[in-house]
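Colleague: Got a structure for you, upload26.cif, holding mmCIF, C-alpha atoms.
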data_upload
loop_
_atom_site.label_atom_id
_atom_site.label_comp_id
_atom_site.auth_asym_id
_atom_site.auth_seq_id
_atom_site.Cartn_x
_atom_site.Cartn_y
_atom_site.Cartn_z
CA MET J 1 -45.04 -1.56 -17.28
CA VAL J 2 -48.09 -3.78 -17.37
CA SER J 3 -47.81 -7.57 -17.51
CA ILE J 4 -49.90 -10.12 -19.39
CA ASN J 5 -51.02 -11.65 -16.09
CA GLU J 6 -52.27 -8.24 -15.01
CA LEU J 7 -54.18 -7.76 -18.27
CA LEU J 8 -55.89 -11.14 -17.87
CA LYS J 9 -57.30 -10.42 -14.41
CA HIS J 10 -60.54 -8.91 -15.75
CA PRO J 11 -62.03 -7.58 -19.01
CA ARG J 12 -60.86 -4.07 -19.83
CA LEU J 13 -61.97 -1.18 -22.00
CA GLN J 14 -59.40 0.34 -24.36
CA VAL J 15 -60.31 3.73 -25.78
CA ALA J 16 -58.94 4.26 -29.28
CA LEU J 17 -58.18 7.94 -29.74
CA ASP J 18 -58.38 7.84 -33.53
CA LEU J 19 -58.36 11.62 -33.83
CA THR J 20 -56.11 14.15 -35.51
CA SER J 21 -56.12 16.80 -32.77
CA LEU J 22 -53.96 16.13 -29.71
CA GLU J 23 -56.00 18.61 -27.67
CA GLU J 24 -59.22 16.77 -28.49
CA ALA J 25 -57.59 13.41 -27.84
CA LEU J 26 -56.48 14.52 -24.37
CA ARG J 27 -59.96 15.86 -23.63
CA ILE J 28 -61.59 12.54 -24.52
CA ALA J 29 -58.85 10.61 -22.72
CA LYS J 30 -59.57 12.48 -19.49
CA ILE J 31 -63.28 11.74 -19.75
CA ALA J 32 -62.55 8.08 -20.46
CA TRP J 33 -60.04 7.74 -17.63
CA ASP J 34 -62.25 9.55 -15.12
CA ASN J 35 -65.12 7.20 -15.95
CA GLY J 36 -63.25 3.93 -15.63
CA ALA J 37 -61.36 3.20 -18.85
CA GLU J 38 -57.99 1.65 -18.00
CA ILE J 39 -56.30 1.58 -21.41
CA LEU J 40 -55.75 4.69 -23.54
CA GLU J 41 -54.63 4.29 -27.13
CA ALA J 42 -52.81 6.83 -29.24
CA GLY J 43 -54.55 5.84 -32.47
CA THR J 44 -52.78 5.59 -35.80
CA PRO J 45 -54.38 8.80 -37.18
CA LEU J 46 -53.24 10.67 -34.07
CA ILE J 47 -49.68 9.38 -34.32
CA LYS J 48 -49.58 10.20 -38.03
CA SER J 49 -50.88 13.70 -37.33
CA VAL J 50 -48.74 14.76 -34.36
CA GLY J 51 -46.13 12.02 -34.03
CA LEU J 52 -45.11 10.13 -30.93
CA ARG J 53 -45.59 13.23 -28.83
CA ALA J 54 -49.18 11.95 -28.64
CA VAL J 55 -47.91 8.93 -26.69
CA LYS J 56 -45.70 11.15 -24.54
CA ALA J 57 -48.61 13.46 -23.75
CA LEU J 58 -50.84 10.55 -22.73
CA ARG J 59 -48.11 9.18 -20.47
CA GLU J 60 -47.52 12.58 -18.87
CA ASN J 61 -51.20 13.31 -18.30
CA PHE J 62 -52.25 9.79 -17.27
CA PRO J 63 -49.25 8.24 -15.51
CA GLU J 64 -51.26 5.33 -14.09
CA ALA J 65 -53.01 4.39 -17.34
CA ILE J 66 -51.98 1.59 -19.68
CA ILE J 67 -50.84 3.41 -22.82
CA VAL J 68 -50.97 1.86 -26.30
CA ALA J 69 -49.10 3.17 -29.33
CA ASP J 70 -51.05 1.92 -32.35
CA MET J 71 -48.04 1.91 -34.64
CA LYS J 72 -49.37 -0.76 -37.04
CA THR J 73 -45.75 -1.62 -37.72
CA MET J 74 -45.00 -3.39 -41.00
CA ASP J 75 -41.20 -3.34 -40.92
CA THR J 76 -38.29 -2.41 -38.60
CA GLY J 77 -39.99 -4.07 -35.63
CA PHE J 78 -37.16 -3.52 -33.16
CA LEU J 79 -36.79 0.18 -34.02
CA GLU J 80 -40.50 0.99 -33.90
CA ALA J 81 -40.91 -0.91 -30.63
CA LYS J 82 -38.03 1.13 -29.21
CA LEU J 83 -39.57 4.40 -30.38
CA ALA J 84 -42.97 3.53 -28.88
CA HIS J 85 -41.42 2.42 -25.59
CA GLU J 86 -39.21 5.48 -25.25
CA ALA J 87 -42.27 7.68 -25.82
CA GLY J 88 -43.97 5.99 -22.85
CA ALA J 89 -46.05 3.17 -24.32
CA ASP J 90 -46.79 -0.03 -22.42
CA ILE J 91 -48.04 -1.74 -25.60
CA MET J 92 -47.30 -1.25 -29.30
CA THR J 93 -48.95 -2.82 -32.33
CA VAL J 94 -47.58 -4.73 -35.31
CA LEU J 95 -49.63 -5.89 -38.31
CA SER J 96 -50.20 -9.63 -38.64
CA VAL J 97 -49.45 -9.41 -42.36
CA ALA J 98 -45.92 -8.30 -41.50
CA SER J 99 -43.07 -10.77 -41.77
CA ASN J 100 -42.48 -13.09 -38.83
CA HIS J 101 -39.02 -11.56 -38.72
CA THR J 102 -40.55 -8.12 -38.07
CA ILE J 103 -42.84 -9.48 -35.35
CA ASN J 104 -39.94 -11.30 -33.70
CA GLU J 105 -37.81 -8.14 -33.80
CA ALA J 106 -40.55 -6.26 -31.93
CA LEU J 107 -40.90 -9.14 -29.46
CA MET J 108 -37.15 -9.18 -28.93
CA TYR J 109 -37.18 -5.54 -27.90
CA GLY J 110 -40.30 -6.02 -25.81
CA ARG J 111 -38.91 -8.99 -23.86
CA LYS J 112 -35.79 -7.02 -23.00
CA HIS J 113 -37.50 -3.78 -21.98
CA GLY J 114 -40.94 -4.78 -20.66
CA LEU J 115 -42.96 -3.60 -23.66
CA LEU J 116 -45.91 -5.75 -24.72
CA VAL J 117 -46.45 -6.42 -28.42
CA ALA J 118 -49.98 -6.64 -29.83
CA VAL J 119 -50.39 -8.15 -33.29
CA ASP J 120 -53.36 -6.85 -35.31
CA LEU J 121 -55.20 -9.33 -37.56
CA ILE J 122 -56.80 -6.55 -39.63
CA SER J 123 -57.12 -7.58 -43.32
CA HIS J 124 -55.31 -10.88 -42.88
CA PRO J 125 -56.68 -13.37 -45.48
CA ASN J 126 -56.64 -16.30 -43.04
CA PRO J 127 -57.00 -14.92 -39.50
CA LEU J 128 -57.61 -18.26 -37.79
CA ALA J 129 -54.49 -19.93 -39.17
CA ARG J 130 -52.45 -16.81 -38.47
CA ALA J 131 -53.79 -16.65 -34.90
CA ALA J 132 -52.59 -20.21 -34.28
CA GLU J 133 -49.18 -19.36 -35.74
CA LEU J 134 -48.90 -16.22 -33.61
CA ASP J 135 -49.77 -18.26 -30.53
CA ARG J 136 -46.82 -20.53 -31.30
CA MET J 137 -44.67 -17.41 -31.70
CA ASN J 138 -45.72 -16.43 -28.18
CA VAL J 139 -46.96 -12.94 -29.02
CA ASP J 140 -48.40 -11.06 -26.04
CA ILE J 141 -51.70 -9.77 -27.41
CA LEU J 142 -53.72 -10.59 -30.50
CA ILE J 143 -56.28 -8.14 -31.93
CA SER J 144 -59.28 -9.44 -33.88
CA HIS J 145 -60.00 -6.30 -35.88
CA LEU J 146 -62.54 -5.41 -38.54
CA GLY J 147 -61.47 -2.23 -40.32
CA ILE J 148 -63.64 0.83 -40.81
CA ASP J 149 -63.75 0.58 -44.60
CA VAL J 150 -64.85 -3.06 -44.39
CA GLN J 151 -67.50 -2.16 -41.82
CA LYS J 152 -68.90 0.50 -44.14
CA LYS J 153 -68.84 -1.70 -47.23
CA LEU J 154 -70.35 -4.81 -45.64
CA GLY J 155 -72.51 -3.11 -43.01
CA ILE J 156 -71.17 -5.25 -40.18
CA THR J 157 -69.04 -4.82 -37.05
CA VAL J 158 -66.73 -7.16 -35.17
CA ALA J 159 -69.66 -7.93 -32.84
CA ASP J 160 -71.46 -9.51 -35.80
CA ARG J 161 -68.52 -11.89 -36.10
CA SER J 162 -68.42 -13.11 -32.50
CA GLN J 163 -68.20 -16.70 -33.77
CA VAL J 164 -64.89 -15.80 -35.42
CA VAL J 165 -63.69 -14.35 -32.12
CA SER J 166 -64.69 -17.60 -30.38
CA LYS J 167 -62.71 -19.65 -32.90
CA ILE J 168 -59.65 -17.41 -32.48
CA ARG J 169 -59.93 -17.77 -28.71
CA LYS J 170 -59.62 -21.54 -29.09
CA VAL J 171 -56.28 -21.29 -30.87
CA PHE J 172 -54.77 -18.27 -29.10
CA SER J 173 -53.89 -18.70 -25.44
CA LYS J 174 -52.83 -15.24 -24.27
CA CYS J 175 -54.55 -11.86 -24.25
CA LEU J 176 -57.22 -11.39 -26.94
CA ALA J 177 -58.47 -7.95 -27.91
CA VAL J 178 -61.31 -7.08 -30.28
CA ALA J 179 -61.93 -3.92 -32.31
CA GLY J 180 -64.21 -2.68 -35.06
CA GLY J 181 -67.39 -0.68 -34.62
CA ILE J 182 -68.18 -1.77 -31.06
CA LYS J 183 -70.96 0.12 -29.30
CA PRO J 184 -72.70 -0.22 -25.92
CA GLY J 185 -74.75 -3.39 -25.87
CA LYS J 186 -72.16 -5.27 -27.94
CA ALA J 187 -69.26 -5.59 -25.51
CA LYS J 188 -70.81 -8.37 -23.43
CA ILE J 189 -71.13 -10.85 -26.31
CA LEU J 190 -67.48 -10.28 -27.24
CA VAL J 191 -66.29 -10.94 -23.69
CA LYS J 192 -68.38 -14.12 -23.65
CA SER J 193 -66.69 -15.05 -26.93
CA GLY J 194 -63.31 -14.82 -25.21
CA ALA J 195 -62.15 -11.20 -25.46
CA ASN J 196 -59.99 -9.82 -22.66
CA ILE J 197 -59.86 -6.28 -24.07
CA VAL J 198 -62.65 -4.45 -25.88
CA ILE J 199 -61.35 -1.60 -28.03
CA VAL J 200 -63.81 1.21 -28.72
CA GLY J 201 -63.17 4.34 -30.76
CA SER J 202 -65.85 6.34 -32.56
CA ALA J 203 -68.71 5.27 -30.28
CA ILE J 204 -66.88 7.30 -27.62
CA THR J 205 -64.93 9.93 -29.55
CA LYS J 206 -67.89 10.97 -31.73
CA SER J 207 -70.49 10.89 -28.96
CA SER J 208 -71.99 14.06 -27.51
CA LYS J 209 -71.95 12.24 -24.16
CA PRO J 210 -68.72 10.23 -24.14
CA HIS J 211 -68.80 9.82 -20.36
CA LYS J 212 -72.14 8.03 -20.64
CA VAL J 213 -70.86 5.67 -23.33
CA VAL J 214 -67.76 4.80 -21.30
CA ARG J 215 -69.85 4.08 -18.21
CA GLU J 216 -72.22 1.85 -20.18
CA LEU J 217 -69.32 -0.13 -21.63
CA ILE J 218 -67.60 -0.47 -18.26
CA SER J 219 -70.85 -1.73 -16.78
CA GLU J 220 -71.07 -4.43 -19.46
CA LEU J 221 -67.49 -5.50 -18.84
CA LYS J 222 -68.03 -5.76 -15.09
CA ASP J 223 -71.03 -8.01 -15.57
CA PRO J 224 -70.51 -10.02 -18.77
#
Could you express the structure from this file as C-alpha cells?
Modeller:
Amino acid sequence: MVSINELLKHPRLQVALDLTSLEEALRIAKIAWDNGAEILEAGTPLIKSVGLRAVKALRENFPEAIIVADMKTMDTGFLEAKLAHEAGADIMTVLSVASNHTINEALMYGRKHGLLVAVDLISHPNPLARAAELDRMNVDILISHLGIDVQKKLGITVADRSQVVSKIRKVFSKCLAVAGGIKPGKAKILVKSGANIVIVGSAITKSSKPHKVVRELISELKDP
C-alpha cells in the first residue's frame, strides 16, 4: 500500500478511466502505465458498469501501480472502504458533502488496513471552508474537482480556477489532487498552485493518441 509520504515525493499523473467497458479501460490503462502514469483510477462510470471487478482487474494487470477506486461514497464509509480495499485499491474516494461520520468511518477502516481516503470537493457549496475542516479531520487526500456538467455549462475547467486551488493549498496540509477537464499545457499551472496529483480523464481516454497525451502530461509534471 502507498503512503502519504510516498505520494508527496513528486507530482504524479492519475489517469481516470471513466469508461463503461472494462476491456477498453484496461487497454488505456496499459498505454498510460507504459508511458509513465503511476496512478490508475477505476472511474465511477466503470465501477457502476462492471462493479468492483474493475478494481480487481487493474490490480491484477498492474500490480505495481497505485490503484484508486472512485467510489464517491456518500454513506456506509467503513463498508465501502472495506469493499474497495478488498478489491485491491490503495485509495478510495468519499464525497465532501457526506457526513463527517461517514468520512470518519472510512478513515477508521483506512487507518487500520493501510487504505488511503481521498475526499472529493465536487459540488460542495463552500470548498475552502470544507477543505480547512477536512484538514483538521486529518483526511489523507483532498480533491479539488470541477464536474463535467459544470464544465460544459460554464465553459471552464479546473485549470481556470487555479487561484481556488492555491487557496485550498493554504488551508490543506496533506496531499492535494485536482480534476476537471485538464489537458496538456494545463498541468504545470496546477502543480505551481499546489497540486500533488493531477487527475486526467477524457483528454487521454478520448484521444486518438493517448500515449502522446500521457507523455506530454508527464513531461509537464517533471518540469513544473
Colleague: Quick one: residues within 8 Å of J:Ala203, only C-alpha atoms, excluding same-chain residues fewer than 4 positions away - as a list in words?
Modeller: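 Once the adjacent positions are removed, what remains is Gly181, Ile182, Lys183, Ser207, Pro210 and Val213 of chain J.
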Colleague: Residue by residue, what does the PyMOL selection byres ((chain J and resi 141-153) around 8) grab here? Present the result as a PyMOL selection string.
Modeller: chain J and resi 116-123+131+139-140+154-158+165+172+174-181
Colleague: Restricting the calculation to only C-alpha atoms, which member of J:Leu134, J:Ile31, J:Ala25, J:Ala129 is positioned closest to J:Asn104?
Modeller: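 Nearest candidate to J:Asn104 out of J:Leu134, J:Ile31, J:Ala25, J:Ala129: J:Leu134.
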Colleague: Run the PyMOL selection byres ((chain J and resi 64) around 10) on the file and write out the hits as a ChimeraX atom specification.
Modeller: /J:1,33,38-39,59-63,65-67
Colleague: Could you tell me which residues the PyMOL selection byres ((chain J and resi 26) around 9) returns for this structure, as a list in words?
Modeller: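 That expression, the PyMOL selection byres ((chain J and resi 26) around 9), corresponds here to Leu17, Ser21, Leu22, Glu23, Glu24, Ala25, Arg27, Ile28, Ala29, Lys30, Ile31, Ala54, Ala57, Leu58 and Asn61 of chain J.
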